[in-house]
Each structure stands twice: as structure tokens, then as C-alpha cells.
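input-v3.cif, holding mmCIF, C-alpha atoms:
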data_run
loop_
_atom_site.group_PDB
_atom_site.id
_atom_site.type_symbol
_atom_site.label_atom_id
_atom_site.label_comp_id
_atom_site.auth_asym_id
_atom_site.auth_seq_id
_atom_site.Cartn_x
_atom_site.Cartn_y
_atom_site.Cartn_z
ATOM 1 C CA LYS A 1293 2.480 -23.884 -19.530
ATOM 2 C CA ASN A 1294 2.267 -20.109 -18.918
ATOM 3 C CA LYS A 1295 3.737 -19.082 -22.280
ATOM 4 C CA LYS A 1296 1.032 -16.526 -23.024
ATOM 5 C CA LEU A 1297 1.310 -14.974 -19.596
ATOM 6 C CA LEU A 1298 3.560 -11.913 -19.392
ATOM 7 C CA CYS A 1299 4.765 -10.155 -16.267
ATOM 8 C CA PRO A 1300 2.746 -6.942 -15.694
ATOM 9 C CA ASN A 1301 5.970 -5.194 -14.642
ATOM 10 C CA CYS A 1302 8.799 -6.285 -16.944
ATOM 11 C CA SER A 1303 6.843 -8.173 -19.663
ATOM 12 C CA SER A 1304 9.002 -11.279 -19.267
ATOM 13 C CA ASN A 1305 7.401 -14.614 -20.196
ATOM 14 C CA LYS A 1306 9.507 -16.470 -17.621
ATOM 15 C CA ILE A 1307 6.570 -17.097 -15.322
ATOM 16 C CA LYS A 1308 6.034 -19.874 -12.828
ATOM 17 C CA ASN A 1309 2.949 -20.902 -10.935
ATOM 18 C CA LEU A 1310 3.271 -20.250 -7.214
ATOM 19 C CA LYS A 1311 2.128 -23.148 -5.060
ATOM 20 C CA LEU A 1312 -0.371 -22.120 -2.394
ATOM 21 C CA TYR A 1313 -0.699 -24.570 0.452
ATOM 22 C CA LEU A 1314 -2.867 -23.003 3.093
ATOM 23 C CA SER A 1315 -4.669 -20.031 1.602
ATOM 24 C CA ALA A 1316 -7.707 -19.607 -0.611
ATOM 25 C CA LYS A 1317 -7.116 -21.746 -3.663
ATOM 26 C CA ASP A 1318 -9.785 -20.175 -5.875
ATOM 27 C CA PHE A 1319 -7.221 -18.352 -7.963
ATOM 28 C CA GLU A 1320 -3.668 -18.787 -9.122
ATOM 29 C CA ILE A 1321 -0.722 -16.625 -8.192
ATOM 30 C CA PHE A 1322 2.231 -16.444 -10.567
ATOM 31 C CA THR A 1323 5.796 -15.257 -10.030
ATOM 32 C CA CYS A 1324 8.002 -13.611 -12.631
ATOM 33 C CA MET A 1325 11.423 -15.263 -12.607
ATOM 34 C CA ALA A 1326 13.011 -12.139 -14.126
ATOM 35 C CA CYS A 1327 11.906 -9.346 -11.721
ATOM 36 C CA ASP A 1328 10.454 -11.397 -8.818
ATOM 37 C CA LEU A 1329 6.967 -9.825 -8.949
ATOM 38 C CA SER A 1330 4.151 -12.151 -7.904
ATOM 39 C CA PHE A 1331 0.758 -11.388 -9.384
ATOM 40 C CA LYS A 1332 -2.702 -12.814 -9.644
ATOM 41 C CA GLU A 1333 -4.592 -13.546 -12.779
ATOM 42 C CA ASN A 1334 -7.973 -12.091 -11.987
ATOM 43 C CA VAL A 1335 -10.056 -15.136 -11.211
ATOM 44 C CA ASN A 1336 -12.090 -14.035 -8.221
ATOM 45 C CA GLU A 1337 -15.196 -15.546 -9.836
ATOM 46 C CA GLY A 1338 -18.088 -15.663 -7.425
ATOM 47 C CA LYS A 1339 -16.071 -13.734 -4.854
ATOM 48 C CA GLU A 1340 -16.051 -10.277 -6.399
ATOM 49 C CA PHE A 1341 -14.558 -7.657 -4.205
ATOM 50 C CA SER A 1342 -16.242 -4.260 -4.555
ATOM 51 C CA PHE A 1343 -14.286 -1.269 -3.278
ATOM 52 C CA GLU A 1344 -17.252 1.030 -4.023
ATOM 53 C CA ASP A 1345 -19.578 -1.041 -1.819
ATOM 54 C CA GLY A 1346 -17.299 -0.886 1.182
ATOM 55 C CA ASP A 1347 -15.920 -4.451 0.903
ATOM 56 C CA TYR A 1348 -12.338 -3.311 1.395
ATOM 57 C CA TYR A 1349 -12.673 -2.363 5.045
ATOM 58 C CA SER A 1350 -15.458 -4.747 6.095
ATOM 59 C CA LYS A 1351 -13.968 -7.894 4.535
ATOM 60 C CA LYS A 1352 -10.360 -7.112 5.391
ATOM 61 C CA ASN A 1353 -11.292 -6.742 9.081
ATOM 62 C CA VAL A 1354 -9.491 -3.408 9.168
ATOM 63 C CA GLY A 1355 -12.766 -2.287 10.660
ATOM 64 C CA ASP A 1356 -15.322 -0.389 8.622
ATOM 65 C CA LYS A 1357 -16.370 1.569 11.700
ATOM 66 C CA VAL A 1358 -14.331 4.674 12.418
ATOM 67 C CA ASN A 1359 -14.280 4.088 16.182
ATOM 68 C CA GLN A 1360 -11.663 4.901 18.831
ATOM 69 C CA ARG A 1361 -9.608 1.805 18.098
ATOM 70 C CA TYR A 1362 -9.577 2.549 14.367
ATOM 71 C CA LYS A 1363 -8.588 6.175 15.002
ATOM 72 C CA LYS A 1364 -5.860 5.227 17.477
ATOM 73 C CA HIS A 1365 -4.333 2.671 15.071
ATOM 74 C CA PHE A 1366 -4.447 4.850 11.945
ATOM 75 C CA LEU A 1367 -3.436 8.084 13.658
ATOM 76 C CA ARG A 1368 -0.381 6.394 15.129
ATOM 77 C CA ARG A 1369 0.436 5.012 11.683
ATOM 78 C CA ALA A 1370 -0.083 8.461 10.097
ATOM 79 C CA LYS A 1371 2.302 10.129 12.557
ATOM 80 C CA ASN A 1372 4.886 7.377 12.080
ATOM 81 C CA HIS A 1373 4.689 7.771 8.286
ATOM 82 C CA ILE A 1374 4.940 11.566 8.411
ATOM 83 C CA ASP A 1375 7.991 11.425 10.699
ATOM 84 C CA HIS A 1376 9.627 9.074 8.195
ATOM 85 C CA ILE A 1377 8.645 11.102 5.099
ATOM 86 C CA GLU A 1378 9.928 14.379 6.591
ATOM 87 C CA ASN A 1379 13.493 13.010 6.441
ATOM 88 C CA PHE A 1380 13.296 13.105 2.631
ATOM 89 C CA ILE A 1381 11.497 16.371 2.001
ATOM 90 C CA GLY A 1382 13.546 19.259 0.663
ATOM 91 C CA LYS A 1383 12.945 22.848 1.804
ATOM 92 C CA ASP A 1384 11.583 23.849 -1.597
ATOM 93 C CA LEU A 1385 9.088 20.995 -1.951
ATOM 94 C CA ASN A 1386 5.551 22.095 -2.669
ATOM 95 C CA LYS A 1387 3.643 21.109 0.507
ATOM 96 C CA SER A 1388 0.735 19.474 -1.298
ATOM 97 C CA VAL A 1389 -0.227 15.830 -0.935
ATOM 98 C CA LEU A 1390 -2.443 13.357 -2.760
ATOM 99 C CA ASP A 1391 -3.464 10.352 -0.639
ATOM 100 C CA ILE A 1392 -4.647 7.530 -2.914
ATOM 101 C CA GLY A 1393 -6.985 5.321 -0.884
ATOM 102 C CA CYS A 1394 -7.145 7.793 1.991
ATOM 103 C CA GLY A 1395 -9.503 5.780 4.214
ATOM 104 C CA ALA A 1396 -11.118 7.951 6.898
ATOM 105 C CA GLY A 1397 -8.652 10.750 6.121
ATOM 106 C CA LEU A 1398 -6.529 10.619 9.284
ATOM 107 C CA PHE A 1399 -3.211 10.907 7.429
ATOM 108 C CA ILE A 1400 -4.189 13.960 5.392
ATOM 109 C CA GLU A 1401 -5.986 15.547 8.344
ATOM 110 C CA HIS A 1402 -2.722 15.351 10.285
ATOM 111 C CA LEU A 1403 -0.739 16.823 7.361
ATOM 112 C CA GLN A 1404 -3.326 19.589 6.919
ATOM 113 C CA SER A 1405 -2.798 20.552 10.563
ATOM 114 C CA LYS A 1406 0.909 20.950 9.680
ATOM 115 C CA GLY A 1407 0.106 23.427 6.907
ATOM 116 C CA TRP A 1408 -0.106 21.094 3.893
ATOM 117 C CA LYS A 1409 -2.624 21.414 1.076
ATOM 118 C CA VAL A 1410 -4.336 18.012 0.943
ATOM 119 C CA GLU A 1411 -6.422 15.905 -1.422
ATOM 120 C CA GLY A 1412 -7.688 12.373 -0.926
ATOM 121 C CA ILE A 1413 -9.378 9.719 -3.048
ATOM 122 C CA VAL A 1414 -11.410 6.900 -1.517
ATOM 123 C CA PRO A 1415 -14.124 4.759 -3.140
ATOM 124 C CA ASP A 1416 -15.460 3.376 0.166
ATOM 125 C CA PRO A 1417 -18.731 5.123 1.159
ATOM 126 C CA ASN A 1418 -18.237 4.929 4.968
ATOM 127 C CA MET A 1419 -14.677 6.205 4.822
ATOM 128 C CA PHE A 1420 -15.579 8.965 2.366
ATOM 129 C CA ASN A 1421 -18.422 10.061 4.627
ATOM 130 C CA HIS A 1422 -16.086 10.352 7.622
ATOM 131 C CA ALA A 1423 -13.319 12.178 5.726
ATOM 132 C CA LYS A 1424 -15.673 14.559 3.918
ATOM 133 C CA ASN A 1425 -18.438 15.214 6.431
ATOM 134 C CA LYS A 1426 -16.827 14.667 9.829
ATOM 135 C CA LEU A 1427 -13.337 15.981 9.070
ATOM 136 C CA ASN A 1428 -14.354 18.374 6.276
ATOM 137 C CA LEU A 1429 -11.410 17.296 4.090
ATOM 138 C CA ASN A 1430 -10.890 17.734 0.361
ATOM 139 C CA VAL A 1431 -11.697 14.152 -0.725
ATOM 140 C CA GLN A 1432 -13.340 12.584 -3.755
ATOM 141 C CA LYS A 1433 -15.390 9.384 -3.713
ATOM 142 C CA LYS A 1434 -13.920 7.539 -6.668
ATOM 143 C CA LEU A 1435 -11.374 4.998 -7.836
ATOM 144 C CA PHE A 1436 -7.918 6.241 -8.833
ATOM 145 C CA SER A 1437 -8.651 5.124 -12.404
ATOM 146 C CA GLU A 1438 -11.557 7.637 -12.483
ATOM 147 C CA TRP A 1439 -9.640 10.494 -10.859
ATOM 148 C CA GLU A 1440 -8.420 13.322 -13.102
ATOM 149 C CA SER A 1441 -6.489 16.452 -12.149
ATOM 150 C CA GLU A 1442 -4.119 18.954 -13.680
ATOM 151 C CA GLN A 1443 -2.521 19.660 -10.310
ATOM 152 C CA LYS A 1444 1.033 18.568 -9.517
ATOM 153 C CA PHE A 1445 1.726 17.332 -5.991
ATOM 154 C CA GLY A 1446 4.865 17.439 -3.864
ATOM 155 C CA LEU A 1447 3.961 14.102 -2.232
ATOM 156 C CA ILE A 1448 1.851 11.162 -3.366
ATOM 157 C CA TYR A 1449 1.063 8.631 -0.668
ATOM 158 C CA LEU A 1450 -0.102 5.004 -1.035
ATOM 159 C CA SER A 1451 -0.335 3.018 2.176
ATOM 160 C CA HIS A 1452 -1.337 -0.597 1.475
ATOM 161 C CA ILE A 1453 -2.965 0.413 -1.812
ATOM 162 C CA LEU A 1454 -0.491 -0.078 -4.689
ATOM 163 C CA ASP A 1455 -0.810 -3.871 -4.425
ATOM 164 C CA ASP A 1456 -4.612 -3.617 -4.872
ATOM 165 C CA LEU A 1457 -4.751 -1.344 -7.942
ATOM 166 C CA PRO A 1458 -5.189 -2.963 -11.379
ATOM 167 C CA ASN A 1459 -2.956 -1.876 -14.281
ATOM 168 C CA LEU A 1460 0.304 -1.413 -12.387
ATOM 169 C CA LYS A 1461 2.257 0.349 -15.151
ATOM 170 C CA GLY A 1462 -0.637 2.688 -15.962
ATOM 171 C CA VAL A 1463 -1.109 3.579 -12.287
ATOM 172 C CA LEU A 1464 2.577 4.425 -11.817
ATOM 173 C CA LYS A 1465 2.697 6.429 -15.046
ATOM 174 C CA LYS A 1466 -0.294 8.489 -13.849
ATOM 175 C CA ILE A 1467 1.299 8.960 -10.398
ATOM 176 C CA ASN A 1468 4.589 10.068 -11.975
ATOM 177 C CA ALA A 1469 2.754 12.590 -14.173
ATOM 178 C CA SER A 1470 0.886 13.944 -11.114
ATOM 179 C CA LEU A 1471 4.087 14.593 -9.152
ATOM 180 C CA GLU A 1472 5.985 17.838 -9.469
ATOM 181 C CA LYS A 1473 9.675 17.775 -10.410
ATOM 182 C CA GLU A 1474 11.599 16.162 -7.515
ATOM 183 C CA GLY A 1475 8.246 15.095 -5.988
ATOM 184 C CA ILE A 1476 8.207 12.292 -3.413
ATOM 185 C CA LEU A 1477 6.346 8.985 -3.601
ATOM 186 C CA PHE A 1478 5.608 6.976 -0.450
ATOM 187 C CA VAL A 1479 4.588 3.321 -0.858
ATOM 188 C CA GLU A 1480 3.923 0.781 1.875
ATOM 189 C CA VAL A 1481 2.816 -2.793 1.120
ATOM 190 C CA PRO A 1482 3.032 -6.255 2.695
ATOM 191 C CA ASN A 1483 6.570 -7.608 2.305
ATOM 192 C CA LEU A 1484 6.299 -10.888 0.423
ATOM 193 C CA SER A 1485 10.015 -11.335 -0.279
ATOM 194 C CA SER A 1486 9.613 -14.774 1.228
ATOM 195 C CA LYS A 1487 6.993 -16.246 -1.124
ATOM 196 C CA PHE A 1488 5.851 -18.816 1.417
ATOM 197 C CA ARG A 1489 4.435 -15.929 3.474
ATOM 198 C CA ILE A 1490 1.670 -15.537 0.890
ATOM 199 C CA ASN A 1491 0.139 -18.634 2.509
ATOM 200 C CA PHE A 1492 -0.361 -16.672 5.721
ATOM 201 C CA GLU A 1493 -2.076 -13.667 4.162
ATOM 202 C CA LYS A 1494 -5.768 -13.353 5.053
ATOM 203 C CA GLU A 1495 -8.168 -14.516 2.372
ATOM 204 C CA ALA A 1496 -9.536 -10.974 2.015
ATOM 205 C CA GLU A 1497 -5.986 -9.671 1.373
ATOM 206 C CA LEU A 1498 -5.580 -12.259 -1.365
ATOM 207 C CA LEU A 1499 -8.953 -11.356 -2.860
ATOM 208 C CA ALA A 1500 -8.233 -7.604 -2.848
ATOM 209 C CA GLY A 1501 -4.601 -7.945 -3.901
ATOM 210 C CA LYS A 1502 -3.466 -7.865 -7.511
ATOM 211 C CA TYR A 1503 0.300 -7.880 -6.841
ATOM 212 C CA PHE A 1504 2.475 -9.366 -4.117
ATOM 213 C CA PHE A 1505 5.726 -7.429 -3.845
ATOM 214 C CA SER A 1506 9.159 -8.451 -2.668
ATOM 215 C CA ILE A 1507 11.839 -5.870 -1.853
ATOM 216 C CA ASN A 1508 13.449 -6.475 -5.266
ATOM 217 C CA SER A 1509 10.259 -6.445 -7.322
ATOM 218 C CA LEU A 1510 8.945 -3.218 -5.752
ATOM 219 C CA LYS A 1511 12.273 -1.433 -6.340
ATOM 220 C CA ASP A 1512 12.381 -2.737 -9.919
ATOM 221 C CA THR A 1513 8.763 -1.729 -10.600
ATOM 222 C CA LEU A 1514 9.269 1.833 -9.346
ATOM 223 C CA GLU A 1515 12.593 2.294 -11.165
ATOM 224 C CA ARG A 1516 11.014 1.197 -14.451
ATOM 225 C CA SER A 1517 8.349 3.879 -13.957
ATOM 226 C CA GLY A 1518 10.800 6.759 -13.615
ATOM 227 C CA PHE A 1519 11.417 6.831 -9.862
ATOM 228 C CA LYS A 1520 14.708 6.962 -7.991
ATOM 229 C CA ILE A 1521 14.707 4.915 -4.783
ATOM 230 C CA LEU A 1522 15.725 7.018 -1.771
ATOM 231 C CA ASN A 1523 14.987 4.620 1.080
ATOM 232 C CA VAL A 1524 13.878 1.019 1.581
ATOM 233 C CA LYS A 1525 12.687 -0.161 4.959
ATOM 234 C CA THR A 1526 11.226 -3.463 6.119
ATOM 235 C CA PHE A 1527 9.709 -3.710 9.547
ATOM 236 C CA ARG A 1528 7.325 -5.390 11.930
ATOM 237 C CA LEU A 1529 4.733 -3.327 13.757
ATOM 238 C CA VAL A 1530 4.370 -3.683 17.496
ATOM 239 C CA HIS A 1531 0.652 -3.134 18.103
ATOM 240 C CA LEU A 1532 -0.367 -2.073 21.583
ATOM 241 C CA ASN A 1533 -4.100 -1.790 20.959
ATOM 242 C CA SER A 1534 -5.177 -4.623 23.237
ATOM 243 C CA PHE A 1535 -4.055 -6.322 26.428
ATOM 244 C CA PHE A 1536 -2.951 -9.410 24.482
ATOM 245 C CA GLN A 1537 -0.836 -7.292 22.125
ATOM 246 C CA ILE A 1538 0.834 -5.587 25.083
ATOM 247 C CA LEU A 1539 1.458 -9.012 26.634
ATOM 248 C CA ILE A 1540 3.265 -10.374 23.572
ATOM 249 C CA SER A 1541 5.048 -7.093 22.697
ATOM 250 C CA PRO A 1542 8.466 -8.244 24.087
ATOM 251 C CA ILE A 1543 8.345 -11.247 21.708
ATOM 252 C CA MET A 1544 7.360 -8.972 18.835
ATOM 253 C CA PHE A 1545 10.248 -6.658 19.734
ATOM 254 C CA LEU A 1546 12.730 -9.531 19.432
ATOM 255 C CA LEU A 1547 11.330 -10.312 15.975
ATOM 256 C CA HIS A 1548 12.591 -6.863 14.877
ATOM 257 C CA PHE A 1549 16.014 -8.460 14.542
ATOM 258 C CA MET A 1550 15.017 -11.063 11.962
ATOM 259 C CA PRO A 1551 16.362 -10.686 8.382
ATOM 260 C CA ASP A 1552 14.623 -8.075 6.188
ATOM 261 C CA LYS A 1553 13.214 -10.756 3.934
ATOM 262 C CA TYR A 1554 10.961 -12.047 6.719
ATOM 263 C CA LYS A 1555 9.655 -8.776 8.155
ATOM 264 C CA PRO A 1556 5.989 -8.394 7.241
ATOM 265 C CA TYR A 1557 5.946 -4.796 5.941
ATOM 266 C CA LEU A 1558 7.848 -3.040 3.189
ATOM 267 C CA ARG A 1559 8.111 0.729 2.793
ATOM 268 C CA ILE A 1560 9.804 2.657 0.007
ATOM 269 C CA ILE A 1561 10.373 6.372 -0.440
ATOM 270 C CA ALA A 1562 11.187 7.337 -4.009
ATOM 271 C CA LYS A 1563 11.673 10.560 -5.927
ATOM 272 C CA LYS A 1564 10.460 11.457 -9.376
ATOM 273 C CA GLU A 1565 13.472 11.336 -11.701
ATOM 274 C CA ASN A 1566 14.121 14.533 -13.622
ATOM 275 C CA GLU A 1567 12.798 14.216 -17.137
#

Would you mind giving the structure from this file in C-alpha cells?
Amino acid sequence: KNKKLLCPNCSSNKIKNLKLYLSAKDFEIFTCMACDLSFKENVNEGKEFSFEDGDYYSKKNVGDKVNQRYKKHFLRRAKNHIDHIENFIGKDLNKSVLDIGCGAGLFIEHLQSKGWKVEGIVPDPNMFNHAKNKLNLNVQKKLFSEWESEQKFGLIYLSHILDDLPNLKGVLKKINASLEKEGILFVEVPNLSSKFRINFEKEAELLAGKYFFSINSLKDTLERSGFKILNVKTFRLVHLNSFFQILISPIMFLLHFMPDKYKPYLRIIAKKENE
């Protein structure tokens, strides 16, 4: 049935249609039987999702207002990510970072305060405005596909972005070329190692998403693009932003001990392989 369909990662034609039970059924999601990548054929007809018009933050309910709650959530995440990344950074690494999909700029602002040279890309007008005009950061309002630079970075950072960017191989080739020798890549995405979990993703996540990664498919995808995997981590966040979240936090803590396959987030640190 899907003979003409090839996997965007490994080009296999062993593709099966993934059954969606609960989620938006306006498009089909396919899974590659060879490398385990799930991907969407772009059929968002009538439900176009415009990153340039600010749909990403408003429709995904991340919050398109950079208020206290937003700042608290993303600053905590930024600090957590930096603590993790610092375990893999060599003394000689060039302290320059490119944040693809930098949002309001909280991650790169925090790195800048630690002496890093920073650059961010964000197509969303509200987020760009905050990063550029409120935080005075070096950010460009554009899509990654439009971004061009001769600079080589020590760190390239994609937090919940790689799964939304079209042309997976092209994106990773461009990222690899923009990293210096031994440069570090940080990727965090939803962990969809258990395919049934796709049913519980929000409709906006399914609309924005192009790829749905498992632990195996993300490792495979990065290795094919010239990266060496240094660390793989799956986890569940314990949010303490509201009274309800504090109330259920002991339950969420116990869920930390579930198998990796079922934890909702997946994080990989990889290094550019020497050419």
C-alpha cells in the first residue's frame, strides 16, 4: 500500500500505517519498520500551522505571553539543560552557541551570562520581540531553512524543535556543517518509543510535528548524519508551577522509575564525528 513512500531517515520502503485511535485523524502517521522513525505525510490541509504568525506558541498552549509563569518554566529548563550539557563540554570547546528555535531567549541569555557568545533563530514574532528588544540578544527572526552563516559553533541546541523541522536529513547536514570539530549537539524531543503514546499527544503537537522519535530512531538518525552519541536520557518532568502540580508531585516522582520506553521526554547529547 505504501510502496512509493520512503523513510525520510533511512530511505527504506518498509513502511506501515500507524493506527491513531484518539488523536486528530486528519492526517496519517507512518512508521519505518527498518529504523523505527514515525513520520507524517504533510496533510494538514485546512489546518495550516504558521510558525511565522506565532501559531507555535499560541496553539501549543506553551503560552505566547512571556509572563512570570513562562519565564519560571523556561528558565528552570534552561538551567537544567546547561547543567547537563556542561558534563560533556571539553576545556578547549569554543564557547559559542546557536539556539535553533530559541523562543524568548531564556536559554541563550543564561549562557551569555556565563560568558558564552550566543546566537538564536526564532520565526515567532512575539518571542523574537522579547529576545531581541527586551533581552537585547543576538537573534534573527527567520526559519532555520532561511538562516545562513559561515560561523562554526561549539554547541548547537534544539529543544523540542528537531521533530518540527521539515527535511530532516538536510537540517542535520546543515547543523553538522555549522558545528566546529568536536562540537556538541543537544536535542530534546517527546519520547515516542511506545507508539501508542502518539494518541495522547496534543492536537497542536501533532499538527506542528513532522517526526515522532523513539530512542532507537533518534540515535539512528543522528548517527547517519555524522554524529557520535555521547549520552541518551529519558525522563519525566516534575512541574511545580501550580498548586495541583505540587499536590501530585509524589505520584509523578514514582513514575520516574518506569521503563525508559514510557518516559515522556528524550534527550540526546552527540558530538560531531571527525571528518

Per residue of segment 1463-1507 of chain A within 8 Å of segment 1553-1563 of chain A, record the nearest atom pair and its distance in Å to one decimal, counting all atoms listed in the file, with rows in chain order and ascending residue number, as JSON lines.
{"residue": "A:Glu1474", "atom": "CA", "partner": "A:Lys1563", "partner_atom": "CA", "distance": 5.8}
{"residue": "A:Gly1475", "atom": "CA", "partner": "A:Lys1563", "partner_atom": "CA", "distance": 5.7}
{"residue": "A:Ile1476", "atom": "CA", "partner": "A:Lys1563", "partner_atom": "CA", "distance": 4.6}
{"residue": "A:Leu1477", "atom": "CA", "partner": "A:Ala1562", "partner_atom": "CA", "distance": 5.1}
{"residue": "A:Phe1478", "atom": "CA", "partner": "A:Ile1561", "partner_atom": "CA", "distance": 4.8}
{"residue": "A:Val1479", "atom": "CA", "partner": "A:Ile1560", "partner_atom": "CA", "distance": 5.3}
{"residue": "A:Glu1480", "atom": "CA", "partner": "A:Arg1559", "partner_atom": "CA", "distance": 4.3}
{"residue": "A:Val1481", "atom": "CA", "partner": "A:Leu1558", "partner_atom": "CA", "distance": 5.4}
{"residue": "A:Pro1482", "atom": "CA", "partner": "A:Tyr1557", "partner_atom": "CA", "distance": 4.6}
{"residue": "A:Asn1483", "atom": "CA", "partner": "A:Tyr1557", "partner_atom": "CA", "distance": 4.6}
{"residue": "A:Leu1484", "atom": "CA", "partner": "A:Pro1556", "partner_atom": "CA", "distance": 7.3}
{"residue": "A:Ser1485", "atom": "CA", "partner": "A:Lys1553", "partner_atom": "CA", "distance": 5.3}
{"residue": "A:Ser1486", "atom": "CA", "partner": "A:Lys1553", "partner_atom": "CA", "distance": 6.0}
{"residue": "A:Ile1507", "atom": "CA", "partner": "A:Leu1558", "partner_atom": "CA", "distance": 7.0}

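What separates atom CA of Gly1412 of chain A from atom CA of Asp1384 of chain A is a distance of 22.4 Å.
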
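Considering only C-alpha atoms, the residue among A:Ile1413, A:Cys1394, A:Cys1327, A:Ala1370 positioned nearest to Asn1305 of chain A is A:Cys1327.
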
Pairwise distance, atom CA of Lys1371 of chain A with atom CA of Leu1403 of chain A, equals 9.0 Å

Counting only C-alpha atoms, closest pick from A:Glu1515, A:Glu1495, A:Glu1472, A:Glu1320 relative to Leu1390 of chain A is A:Glu1472

Place N, CA, C and O atoms on segment 1411-1426 of chain A and deliver the coordinates as a short mmCIF file (atom, residue, chain, number, x, y, z; two decimals), in the frame of the given file.
data_model
loop_
_atom_site.label_atom_id
_atom_site.label_comp_id
_atom_site.auth_asym_id
_atom_site.auth_seq_id
_atom_site.Cartn_x
_atom_site.Cartn_y
_atom_site.Cartn_z
N GLU A 1411 -5.34 16.48 -0.61
CA GLU A 1411 -6.42 15.90 -1.42
C GLU A 1411 -6.41 14.40 -1.21
O GLU A 1411 -5.34 13.79 -1.13
N GLY A 1412 -7.59 13.82 -1.11
CA GLY A 1412 -7.69 12.37 -0.93
C GLY A 1412 -8.67 11.76 -1.90
O GLY A 1412 -9.60 12.43 -2.37
N ILE A 1413 -8.45 10.48 -2.20
CA ILE A 1413 -9.38 9.72 -3.05
C ILE A 1413 -9.72 8.46 -2.28
O ILE A 1413 -8.82 7.75 -1.81
N VAL A 1414 -11.01 8.16 -2.17
CA VAL A 1414 -11.41 6.90 -1.52
C VAL A 1414 -12.75 6.46 -2.11
O VAL A 1414 -13.69 7.24 -2.17
N PRO A 1415 -12.84 5.20 -2.58
CA PRO A 1415 -14.12 4.76 -3.14
C PRO A 1415 -15.11 4.27 -2.08
O PRO A 1415 -16.30 4.17 -2.34
N ASP A 1416 -14.61 3.97 -0.87
CA ASP A 1416 -15.46 3.38 0.17
C ASP A 1416 -16.43 4.41 0.74
O ASP A 1416 -16.01 5.46 1.22
N PRO A 1417 -17.75 4.11 0.74
CA PRO A 1417 -18.73 5.12 1.16
C PRO A 1417 -18.61 5.54 2.63
O PRO A 1417 -18.73 6.73 2.95
N ASN A 1418 -18.36 4.58 3.54
CA ASN A 1418 -18.24 4.93 4.97
C ASN A 1418 -17.04 5.83 5.22
O ASN A 1418 -17.10 6.79 5.98
N MET A 1419 -15.91 5.45 4.60
CA MET A 1419 -14.68 6.20 4.82
C MET A 1419 -14.79 7.60 4.21
O MET A 1419 -14.36 8.59 4.82
N PHE A 1420 -15.38 7.67 3.02
CA PHE A 1420 -15.58 8.96 2.37
C PHE A 1420 -16.43 9.87 3.25
O PHE A 1420 -16.12 11.04 3.46
N ASN A 1421 -17.50 9.30 3.79
CA ASN A 1421 -18.42 10.06 4.63
C ASN A 1421 -17.69 10.67 5.84
O ASN A 1421 -17.88 11.83 6.18
N HIS A 1422 -16.82 9.86 6.45
CA HIS A 1422 -16.09 10.35 7.62
C HIS A 1422 -15.11 11.47 7.22
O HIS A 1422 -15.05 12.52 7.85
N ALA A 1423 -14.34 11.21 6.16
CA ALA A 1423 -13.32 12.18 5.73
C ALA A 1423 -13.96 13.49 5.27
O ALA A 1423 -13.48 14.58 5.59
N LYS A 1424 -15.05 13.38 4.52
CA LYS A 1424 -15.67 14.56 3.92
C LYS A 1424 -16.53 15.31 4.93
O LYS A 1424 -16.43 16.52 5.08
N ASN A 1425 -17.41 14.56 5.62
CA ASN A 1425 -18.44 15.21 6.43
C ASN A 1425 -18.04 15.42 7.89
O ASN A 1425 -18.45 16.38 8.51
N LYS A 1426 -17.24 14.49 8.43
CA LYS A 1426 -16.83 14.67 9.83
C LYS A 1426 -15.55 15.52 9.92
O LYS A 1426 -15.42 16.34 10.81
#
